[in-house]
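**Student:** The file below is target_8.tsv, TSV, C-alpha atoms (C1' of nucleotides):
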chain	number	residue	atom	x	y	z
A	9	MET	CA	86.11	64.08	137.37
A	10	ARG	CA	88.51	62.80	139.99
A	11	ALA	CA	91.71	61.66	138.35
A	12	GLN	CA	91.93	57.90	138.61
A	13	LEU	CA	95.08	57.66	140.66
A	14	PRO	CA	94.47	54.21	142.18
A	15	THR	CA	95.87	50.85	141.27
A	16	GLU	CA	96.09	50.90	137.52
A	17	GLN	CA	97.10	54.51	137.53
A	18	ALA	CA	99.63	54.05	140.28
A	19	VAL	CA	101.18	51.22	138.37
A	20	ALA	CA	101.12	53.21	135.19
A	21	LYS	CA	102.75	56.17	136.80
A	22	SER	CA	105.42	54.13	138.47
A	23	GLN	CA	106.15	52.52	135.14
A	24	ASP	CA	106.23	55.80	133.23
A	25	CYS	CA	103.05	54.81	131.42
A	26	TYR	CA	100.17	57.07	130.56
A	27	ARG	CA	96.96	56.24	128.80
A	28	ILE	CA	95.82	58.32	125.90
A	29	GLY	CA	93.57	60.61	127.93
A	30	GLN	CA	96.37	61.41	130.33
A	31	ALA	CA	98.79	61.89	127.47
A	32	ALA	CA	96.29	64.29	125.93
A	33	GLN	CA	96.00	66.29	129.12
A	34	LEU	CA	99.74	66.39	129.64
A	35	THR	CA	100.58	67.42	126.09
A	36	GLY	CA	97.66	69.51	124.94
A	37	VAL	CA	97.12	67.18	121.99
A	38	THR	CA	93.65	65.67	121.93
A	39	ALA	CA	93.31	61.90	122.18
A	40	LYS	CA	91.67	62.08	118.78
A	41	MET	CA	94.72	63.69	117.25
A	42	ILE	CA	97.15	61.41	119.03
A	43	ARG	CA	95.49	58.44	117.35
A	44	HIS	CA	95.48	60.35	114.09
A	45	TYR	CA	99.20	61.11	114.28
A	46	GLU	CA	99.86	57.48	114.99
A	47	ALA	CA	97.82	56.45	111.96
A	48	LEU	CA	99.79	58.94	109.87
A	49	GLY	CA	103.03	57.43	111.09
A	50	LEU	CA	104.05	60.71	112.65
A	51	ILE	CA	104.58	59.01	115.97
A	52	PRO	CA	105.35	55.31	116.44
A	53	LYS	CA	102.59	52.87	117.27
A	54	ALA	CA	101.94	52.98	120.97
A	55	ARG	CA	102.44	50.00	123.23
A	56	ARG	CA	99.18	48.48	124.40
A	57	THR	CA	97.88	47.09	127.64
A	58	SER	CA	96.28	43.68	127.76
A	59	GLY	CA	92.99	45.53	127.31
A	60	ASP	CA	94.33	47.17	124.16
A	61	TYR	CA	94.70	50.60	125.73
A	62	ARG	CA	97.50	52.69	124.28
A	63	LEU	CA	100.37	53.47	126.64
A	64	TYR	CA	102.72	56.40	126.43
A	65	SER	CA	106.07	57.01	128.06
A	66	MET	CA	107.57	60.38	128.93
A	67	THR	CA	109.53	60.16	125.71
A	68	ASP	CA	106.29	59.74	123.81
A	69	LEU	CA	104.81	62.73	125.59
A	70	HIS	CA	107.86	64.69	124.61
A	71	SER	CA	107.27	63.83	120.96
A	72	LEU	CA	103.65	64.80	121.22
A	73	ARG	CA	104.57	68.18	122.66
A	74	PHE	CA	106.99	68.61	119.80
A	75	VAL	CA	104.25	67.96	117.31
A	76	ARG	CA	101.88	70.33	119.06
A	77	ARG	CA	104.43	73.10	119.15
A	78	ALA	CA	105.27	72.63	115.49
A	79	ARG	CA	101.58	72.73	114.61
A	80	GLN	CA	101.26	75.96	116.56
A	81	LEU	CA	103.94	77.36	114.31
A	82	GLY	CA	101.96	76.32	111.28
A	83	PHE	CA	104.05	73.40	110.08
A	84	SER	CA	102.14	70.75	108.18
A	85	THR	CA	102.23	67.16	109.35
A	86	LYS	CA	104.52	66.36	106.45
A	87	GLU	CA	106.93	69.07	107.53
A	88	ILE	CA	106.67	67.92	111.12
A	89	GLN	CA	107.64	64.46	110.04
A	90	ASP	CA	110.85	65.90	108.61
A	91	LEU	CA	111.44	68.00	111.70
A	92	LEU	CA	110.91	65.02	113.97
A	93	GLY	CA	113.42	63.08	111.93
A	94	LEU	CA	116.00	65.80	112.41
A	95	TRP	CA	115.13	66.17	116.06
A	96	ARG	CA	115.77	62.50	116.68
A	97	ASN	CA	118.90	62.42	114.57
A	98	GLN	CA	121.87	63.39	116.67
A	99	ARG	CA	123.99	63.74	113.55
A	100	ARG	CA	121.71	66.27	111.86
A	101	ALA	CA	123.13	69.50	110.52
A	102	SER	CA	121.37	72.59	111.89
A	103	LYS	CA	121.51	73.85	108.31
A	104	GLN	CA	118.82	71.33	107.41
A	105	VAL	CA	116.56	72.52	110.16
A	106	LYS	CA	117.11	76.13	109.32
A	107	ARG	CA	116.29	75.50	105.69
A	108	LEU	CA	112.93	73.97	106.64
A	109	ALA	CA	112.26	76.89	108.94
A	110	LEU	CA	113.12	79.49	106.32
A	111	GLU	CA	110.98	77.75	103.74
A	112	HIS	CA	108.12	77.76	106.15
A	113	ILE	CA	108.64	81.41	106.92
A	114	ALA	CA	108.48	82.13	103.21
A	115	GLU	CA	105.24	80.19	103.01
A	116	LEU	CA	103.83	82.15	105.93
A	117	ASP	CA	104.88	85.36	104.23
A	118	ARG	CA	103.03	84.33	101.10
A	119	LYS	CA	99.88	83.66	103.04
A	120	ILE	CA	100.17	86.87	105.01
A	121	GLU	CA	100.66	88.83	101.84
A	122	ALA	CA	97.66	87.24	100.18
A	123	LEU	CA	95.43	87.94	103.16
A	124	GLY	CA	96.84	91.46	103.43
A	125	ALA	CA	95.97	92.14	99.81
A	126	MET	CA	92.41	90.98	100.41
A	127	ARG	CA	92.21	93.10	103.48
A	128	ALA	CA	93.51	96.20	101.75
A	129	THR	CA	91.11	95.85	98.85
A	130	LEU	CA	88.16	95.25	101.09
A	131	ALA	CA	89.08	98.03	103.50
A	132	ASN	CA	89.33	100.42	100.59
A	133	LEU	CA	85.91	99.43	99.34
A	134	ALA	CA	84.44	99.66	102.82
A	135	THR	CA	85.83	103.15	103.21
A	136	HIS	CA	83.84	104.27	100.23
A	137	CYS	CA	80.65	102.63	101.39
A	138	ARG	CA	78.43	104.99	103.31
A	139	GLY	CA	76.92	102.20	105.32
A	140	ASP	CA	73.51	103.75	105.65
A	141	ALA	CA	69.97	102.74	104.76
A	142	ARG	CA	70.34	103.41	101.06
A	143	PRO	CA	71.16	100.66	98.60
A	144	GLU	CA	74.11	102.26	96.78
A	145	CYS	CA	77.17	100.27	97.68
A	146	PRO	CA	80.64	100.36	96.14
A	147	ILE	CA	81.41	97.01	97.71
A	148	LEU	CA	78.68	95.25	95.78
A	149	ASP	CA	79.55	97.30	92.72
A	150	ASP	CA	83.07	95.94	92.87
A	151	LEU	CA	81.96	92.37	93.43
A	152	GLY	CA	79.48	92.71	90.62
A	153	GLY	CA	82.26	93.86	88.36
A	154	LEU	CA	80.73	97.18	87.52
A	155	PRO	CA	83.96	99.14	87.65
A	156	LEU	CA	85.73	96.66	85.40
A	157	GLU	CA	83.17	96.06	82.73
B	21	MET	CA	90.92	73.50	70.22
B	22	ARG	CA	88.91	75.47	67.66
B	23	ALA	CA	85.95	77.08	69.40
B	24	GLN	CA	82.80	75.38	68.19
B	25	LEU	CA	81.01	78.37	66.71
B	26	PRO	CA	78.70	76.48	64.35
B	27	THR	CA	75.10	75.61	64.65
B	28	GLU	CA	74.59	74.86	68.32
B	29	GLN	CA	77.01	77.51	69.40
B	30	ALA	CA	75.61	80.10	67.01
B	31	VAL	CA	72.16	79.41	68.33
B	32	ALA	CA	73.42	79.48	71.88
B	33	LYS	CA	75.15	82.77	71.40
B	34	SER	CA	72.22	84.37	69.68
B	35	GLN	CA	70.04	83.22	72.53
B	36	ASP	CA	72.41	84.41	75.22
B	37	CYS	CA	73.17	80.81	76.17
B	38	TYR	CA	76.53	79.42	77.15
B	39	ARG	CA	77.46	75.92	78.09
B	40	ILE	CA	79.39	75.27	81.25
B	41	GLY	CA	82.81	75.22	79.58
B	42	GLN	CA	82.19	78.57	77.95
B	43	ALA	CA	80.81	79.97	81.16
B	44	ALA	CA	83.95	78.77	82.90
B	45	GLN	CA	86.18	80.48	80.36
B	46	LEU	CA	84.21	83.68	80.47
B	47	THR	CA	84.06	83.92	84.25
B	48	GLY	CA	87.26	82.32	85.48
B	49	VAL	CA	85.27	79.86	87.57
B	50	THR	CA	86.03	76.24	86.69
B	51	ALA	CA	83.21	74.08	85.39
B	52	LYS	CA	83.80	71.93	88.42
B	53	MET	CA	83.16	74.81	90.78
B	54	ILE	CA	80.18	76.07	88.81
B	55	ARG	CA	78.50	72.72	89.37
B	56	HIS	CA	79.58	72.81	92.99
B	57	TYR	CA	78.10	76.26	93.57
B	58	GLU	CA	74.88	75.09	91.99
B	59	ALA	CA	74.80	72.07	94.30
B	60	LEU	CA	75.37	74.38	97.26
B	61	GLY	CA	72.47	76.55	96.17
B	62	LEU	CA	74.77	79.53	95.72
B	63	ILE	CA	73.55	79.97	92.18
B	64	PRO	CA	70.20	78.80	90.85
B	65	LYS	CA	69.91	75.50	89.01
B	66	ALA	CA	70.90	76.06	85.42
B	67	ARG	CA	68.49	75.54	82.55
B	68	ARG	CA	69.30	72.44	80.54
B	69	THR	CA	69.35	71.56	76.89
B	70	SER	CA	67.51	68.52	75.62
B	71	GLY	CA	70.82	66.69	76.03
B	72	ASP	CA	70.96	67.75	79.68
B	73	TYR	CA	73.75	70.28	79.18
B	74	ARG	CA	73.65	73.24	81.53
B	75	LEU	CA	72.97	76.61	79.92
B	76	TYR	CA	73.97	79.98	81.27
B	77	SER	CA	72.77	83.46	80.40
B	78	MET	CA	74.76	86.67	80.69
B	79	THR	CA	73.03	87.25	84.00
B	80	ASP	CA	74.27	83.90	85.21
B	81	LEU	CA	77.79	84.74	84.09
B	82	HIS	CA	77.50	87.96	86.01
B	83	SER	CA	76.62	86.04	89.16
B	84	LEU	CA	79.51	83.69	88.63
B	85	ARG	CA	81.93	86.58	88.31
B	86	PHE	CA	80.49	87.99	91.51
B	87	VAL	CA	81.18	84.74	93.29
B	88	ARG	CA	84.68	84.54	91.92
B	89	ARG	CA	85.51	88.06	92.97
B	90	ALA	CA	84.12	87.48	96.45
B	91	ARG	CA	86.19	84.30	96.75
B	92	GLN	CA	89.26	86.27	95.74
B	93	LEU	CA	88.54	88.55	98.66
B	94	GLY	CA	88.39	85.54	100.94
B	95	PHE	CA	84.66	85.40	101.62
B	96	SER	CA	83.32	81.95	102.40
B	97	THR	CA	80.53	80.50	100.31
B	98	LYS	CA	78.18	81.11	103.20
B	99	GLU	CA	79.14	84.77	103.28
B	100	ILE	CA	78.86	84.97	99.52
B	101	GLN	CA	75.35	83.66	99.75
B	102	ASP	CA	74.49	86.61	101.97
B	103	LEU	CA	76.31	89.04	99.70
B	104	LEU	CA	74.51	87.69	96.65
B	105	GLY	CA	71.22	88.16	98.43
B	106	LEU	CA	72.02	91.77	99.11
B	107	TRP	CA	73.35	92.29	95.61
B	108	ARG	CA	70.10	91.08	94.12
B	109	ASN	CA	67.95	92.99	96.56
B	110	GLN	CA	67.36	96.46	95.27
B	111	ARG	CA	65.99	97.51	98.66
B	112	ARG	CA	69.08	96.51	100.59
B	113	ALA	CA	70.72	98.95	102.97
B	114	SER	CA	74.41	99.50	102.27
B	115	LYS	CA	74.83	99.28	106.03
B	116	GLN	CA	74.20	95.55	105.80
B	117	VAL	CA	76.84	95.09	103.16
B	118	LYS	CA	79.33	97.18	105.04
B	119	ARG	CA	78.74	95.19	108.19
B	120	LEU	CA	79.55	91.95	106.37
B	121	ALA	CA	82.64	93.54	104.89
B	122	LEU	CA	83.89	94.84	108.21
B	123	GLU	CA	83.30	91.50	109.88
B	124	HIS	CA	85.28	89.84	107.15
B	125	ILE	CA	88.08	92.38	107.51
B	126	ALA	CA	88.19	91.57	111.21
B	127	GLU	CA	88.42	87.89	110.36
B	128	LEU	CA	91.24	88.56	107.94
B	129	ASP	CA	93.01	90.58	110.60
B	130	ARG	CA	92.73	87.69	113.00
B	131	LYS	CA	94.26	85.32	110.49
B	132	ILE	CA	96.99	87.75	109.57
B	133	GLU	CA	97.82	88.26	113.20
B	134	ALA	CA	97.97	84.54	113.87
B	135	LEU	CA	100.25	83.93	110.92
B	136	GLY	CA	102.34	86.94	111.84
B	137	ALA	CA	102.85	85.58	115.33
B	138	MET	CA	104.01	82.26	113.92
B	139	ARG	CA	106.30	84.03	111.56
B	140	ALA	CA	107.82	86.21	114.28
B	141	THR	CA	108.46	83.28	116.56
B	142	LEU	CA	109.98	81.20	113.84
B	143	ALA	CA	112.06	84.04	112.46
B	144	ASN	CA	113.41	84.67	115.93
B	145	LEU	CA	114.36	81.03	116.32
B	146	ALA	CA	115.90	80.94	112.87
B	147	THR	CA	118.00	83.99	113.68
B	148	HIS	CA	119.59	82.13	116.53
B	149	CYS	CA	120.22	79.00	114.49
B	150	ARG	CA	123.69	78.97	113.01
B	151	GLY	CA	122.57	76.86	110.08
B	152	ASP	CA	125.82	74.98	109.73
B	153	ALA	CA	126.86	71.35	109.77
B	154	ARG	CA	126.64	70.99	113.53
B	155	PRO	CA	123.58	69.53	115.23
B	156	GLU	CA	122.96	72.25	117.83
B	157	CYS	CA	119.73	73.95	116.86
B	158	PRO	CA	117.62	76.39	118.86
B	159	ILE	CA	114.69	75.72	116.55
B	160	LEU	CA	114.55	72.06	117.49
B	161	ASP	CA	115.26	72.98	121.10
B	162	ASP	CA	112.18	75.17	121.09
B	163	LEU	CA	110.00	72.60	119.40
B	164	GLY	CA	111.26	69.98	121.81
B	165	GLY	CA	110.24	72.20	124.68
B	166	LEU	CA	113.71	72.40	126.19
B	167	PRO	CA	113.48	76.08	127.09
B	168	LEU	CA	110.14	75.60	128.80
B	169	GLU	CA	110.65	72.47	130.79
C	13	DC	C1'	77.32	42.75	139.79
C	14	DT	C1'	76.64	47.35	138.51
C	15	DT	C1'	78.15	51.87	137.53
C	16	DG	C1'	80.88	55.22	135.45
C	17	DA	C1'	85.00	56.86	133.54
C	18	DC	C1'	87.80	55.71	130.19
C	19	DC	C1'	89.19	53.34	126.25
C	20	DT	C1'	88.63	50.88	121.48
C	21	DT	C1'	87.45	51.03	116.27
C	22	DC	C1'	84.82	52.77	112.53
C	23	DC	C1'	82.21	56.10	110.11
C	24	DT	C1'	80.96	60.89	109.13
C	25	DA	C1'	81.62	65.83	108.53
C	26	DT	C1'	83.83	70.15	107.71
C	27	DG	C1'	85.35	73.73	103.16
C	28	DA	C1'	87.08	74.61	98.73
C	29	DT	C1'	89.07	72.45	95.31
C	30	DG	C1'	90.95	68.95	92.08
C	31	DG	C1'	90.99	64.41	89.81
C	32	DT	C1'	89.19	60.47	87.37
C	33	DA	C1'	86.08	57.10	85.31
C	34	DA	C1'	82.23	55.66	82.66
C	35	DG	C1'	79.13	57.16	79.72
C	36	DG	C1'	76.04	60.57	76.80
C	37	DT	C1'	75.58	64.75	73.26
C	38	DC	C1'	76.46	67.07	69.33
C	39	DC	C1'	78.67	68.50	65.25
C	40	DA	C1'	81.92	67.92	61.33
C	41	DT	C1'	83.88	65.19	58.30
C	42	DC	C1'	84.42	60.92	55.68
D	24	DG	C1'	74.81	57.29	58.02
D	25	DA	C1'	78.84	56.06	60.65
D	26	DT	C1'	82.92	57.73	63.07
D	27	DG	C1'	85.86	60.88	65.78
D	28	DG	C1'	86.61	64.27	68.89
D	29	DA	C1'	85.38	67.99	71.80
D	30	DC	C1'	82.40	68.67	75.19
D	31	DC	C1'	79.16	67.45	78.52
D	32	DT	C1'	76.90	64.39	82.34
D	33	DT	C1'	76.98	62.05	87.12
D	34	DA	C1'	79.39	59.77	90.77
D	35	DC	C1'	83.03	58.82	93.45
D	36	DC	C1'	87.57	59.74	95.76
D	37	DA	C1'	91.40	62.79	97.57
D	38	DT	C1'	93.26	66.64	99.92
D	39	DC	C1'	94.26	68.83	105.10
D	40	DA	C1'	93.64	69.01	110.10
D	41	DT	C1'	90.23	68.46	113.10
D	42	DA	C1'	85.96	67.08	115.56
D	43	DG	C1'	81.79	64.34	116.54
D	44	DG	C1'	79.32	60.23	117.39
D	45	DA	C1'	77.97	55.23	117.75
D	46	DA	C1'	78.66	50.71	119.44
D	47	DG	C1'	81.12	48.21	122.29
D	48	DG	C1'	85.17	46.73	125.55
D	49	DT	C1'	88.19	47.58	130.08
D	50	DC	C1'	88.77	48.39	134.64
D	51	DA	C1'	88.38	49.82	139.36
D	52	DA	C1'	85.23	51.29	143.04
D	53	DG	C1'	80.95	50.73	145.41
Show how you would write the structure in this file as structure tokens.
**Tutor:**
Amino acid sequence: MRAQLPTEQAVAKSQDCYRIGQAAQLTGVTAKMIRHYEALGLIPKARRTSGDYRLYSMTDLHSLRFVRRARQLGFSTKEIQDLLGLWRNQRRASKQVKRLALEHIAELDRKIEALGAMRATLANLATHCRGDARPECPILDDLGGLPLE
Amino acid sequence: MRAQLPTEQAVAKSQDCYRIGQAAQLTGVTAKMIRHYEALGLIPKARRTSGDYRLYSMTDLHSLRFVRRARQLGFSTKEIQDLLGLWRNQRRASKQVKRLALEHIAELDRKIEALGAMRATLANLATHCRGDARPECPILDDLGGLPLE
DNA sequence: CTTGACCTTCCTATGATGGTAAGGTCCATC
DNA sequence: GATGGACCTTACCATCATAGGAAGGTCAAG
């Protein structure tokens, strides 16, 4: 479990190069997902060592952290692609970014509302269920459609 | 588009038999999903006609509506399997049903909370974004990790 | 040279749903 | 009795983000 700081690593570090496992540790994005994002075109193809190992610079790590943070906020990879484009574009208008953010907020609101409606319905049913050893159960009655048929 | 009420259909109806398309219409579950639920073992394998068409009775339709309603409430197919078991078991204890319901409510709460946290963070960032033609953008700054590094 | 940590690619799976393609059934109408 | 059309069948692929594993290669230390 000792970090391999010797030769290769020392060279890598001095050259601002990290292999995928290190990049994963430093960004919180799994190596698996880093490769996946590369395949999706979300991040550029990594440089490779002579042994075909991927190499990442600090800039790359920065991008990976960006992606992770955006994922934490629920953006899809497609949306992240757009956000990354704006992030890298010095001539972007903040209006564009804000629009994406507001759209995503609206999407989150839709999901929250849908889940809230489920929760309310189910909580209501659960309230009326005695929850004892007897079989009578308004929850199952509702699912079975008894009240509606 | 005329419903085929003649011979086969008349017979089917008189015998409490519906083909998958009719079952889909009557239950709101797509034919696709009906087959899927059967493959999952959620509903029993349907009887078949001599031509290998699936046939559904009113009881089957009832089960399908149960599944649909449970899906609307966000239960997974695995959970629905348990609910169906309880529904069909006349000796069930309502306690068991209520436990499943409360667990699911807790799960919904977790999801709602997670989405709500995303929403709050993003809304906060959006508030501070001017949303004009200039490039400065606190949203991108956050995603890029500027405030944390 | 071997060992072990790390890397590579490729394939598989998840969960609920939708799509499509190639082909069979069944009934009505010509 | 053949045709057309609505409906059905199975089988495969796609979505979305993520994880797991197998088989094999790299590299540095012992």
**Student:** Please measure the separation of CA of Met66 (chain A) and CA of Arg100 (chain A), giving the value in Å to one decimal.
**Tutor:**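 Going from CA of Met66 (chain A) over to CA of Arg100 (chain A) covers 22.9 Å.
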**Student:** Per residue of chain D within 8 Å of chain B, record the nearest atom pair and its distance in Å to one decimal, counting only C-alpha atoms (C1' of nucleotides), with rows in chain order and ascending residue number, as CSV.
**Tutor:**
residue,atom,partner,partner_atom,distance
D:DA29,C1',B:Met21,CA,8.0
D:DC30,C1',B:Gly41,CA,7.9
D:DC31,C1',B:Tyr73,CA,6.1
D:DT32,C1',B:Asp72,CA,7.3
**Student:** Include C-alpha atoms (C1' of nucleotides) and write out the residues we just selected as a tab-separated table (two decimals), in the coordinates of the input.
**Tutor:**
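What follows is the written file again-v4.tsv:
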chain	number	residue	atom	x	y	z
D	29	DA	C1'	85.38	67.99	71.80
D	30	DC	C1'	82.40	68.67	75.19
D	31	DC	C1'	79.16	67.45	78.52
D	32	DT	C1'	76.90	64.39	82.34
**Student:** I need the contact residues of chain A against chain B, so if you could list those with any atom within 6 Å, counting all atoms listed in the file, and return them as a list in words, that would help.
**Tutor:** Phe74, Arg77, Leu81, Arg100, Ala101, Ser102, Lys103, Lys106, Ile113, Ile120, Met126, Arg127, Gly139, Asp140, Ala141, Arg142, Pro143, Cys145, Leu151 and Gly152 of chain A
**Student:** Any idea what's packed within 12 Å of DC35 (chain D), counting all atoms listed in the file, ignoring anything in its chain fewer than 4 positions away? Could you give it as a ChimeraX atom specification?
**Tutor:** /C:31-34
**Student:** Please determine, counting all atoms listed in the file, which residue among A:Glu111, A:Asp90, A:Asp68, A:Asp24 has the shortest atom-to-atom distance to Ala54 (chain A).
**Tutor:**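 Nearest candidate to Ala54 (chain A) out of A:Glu111, A:Asp90, A:Asp68, A:Asp24: A:Asp68.
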**Student:** Using all atoms listed in the file, which chain C residues lie at most 12 Å away from chain B, written as a PyMOL selection string?
**Tutor:** chain C and resi 27-31+36-40
**Student:** Between CA of Tyr64 (chain A) and C1' of DG44 (chain D), measure the distance and give it in Å to one decimal.
**Tutor:** 25.4 Å
**Student:** What does the distance from CA of Gln35 (chain B) to C1' of DG35 (chain C) come to in Å, to one decimal?
**Tutor:**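 For CA of Gln35 (chain B) relative to C1' of DG35 (chain C), the distance reads 28.5 Å.
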**Student:** Give me the residues within 12 Å of DT26 (chain C) as a list in words, counting all atoms listed in the file and dropping any in the same chain fewer than 6 places off.
**Tutor:** DC39, DA40, DT41, DA42 and DG43 of chain D
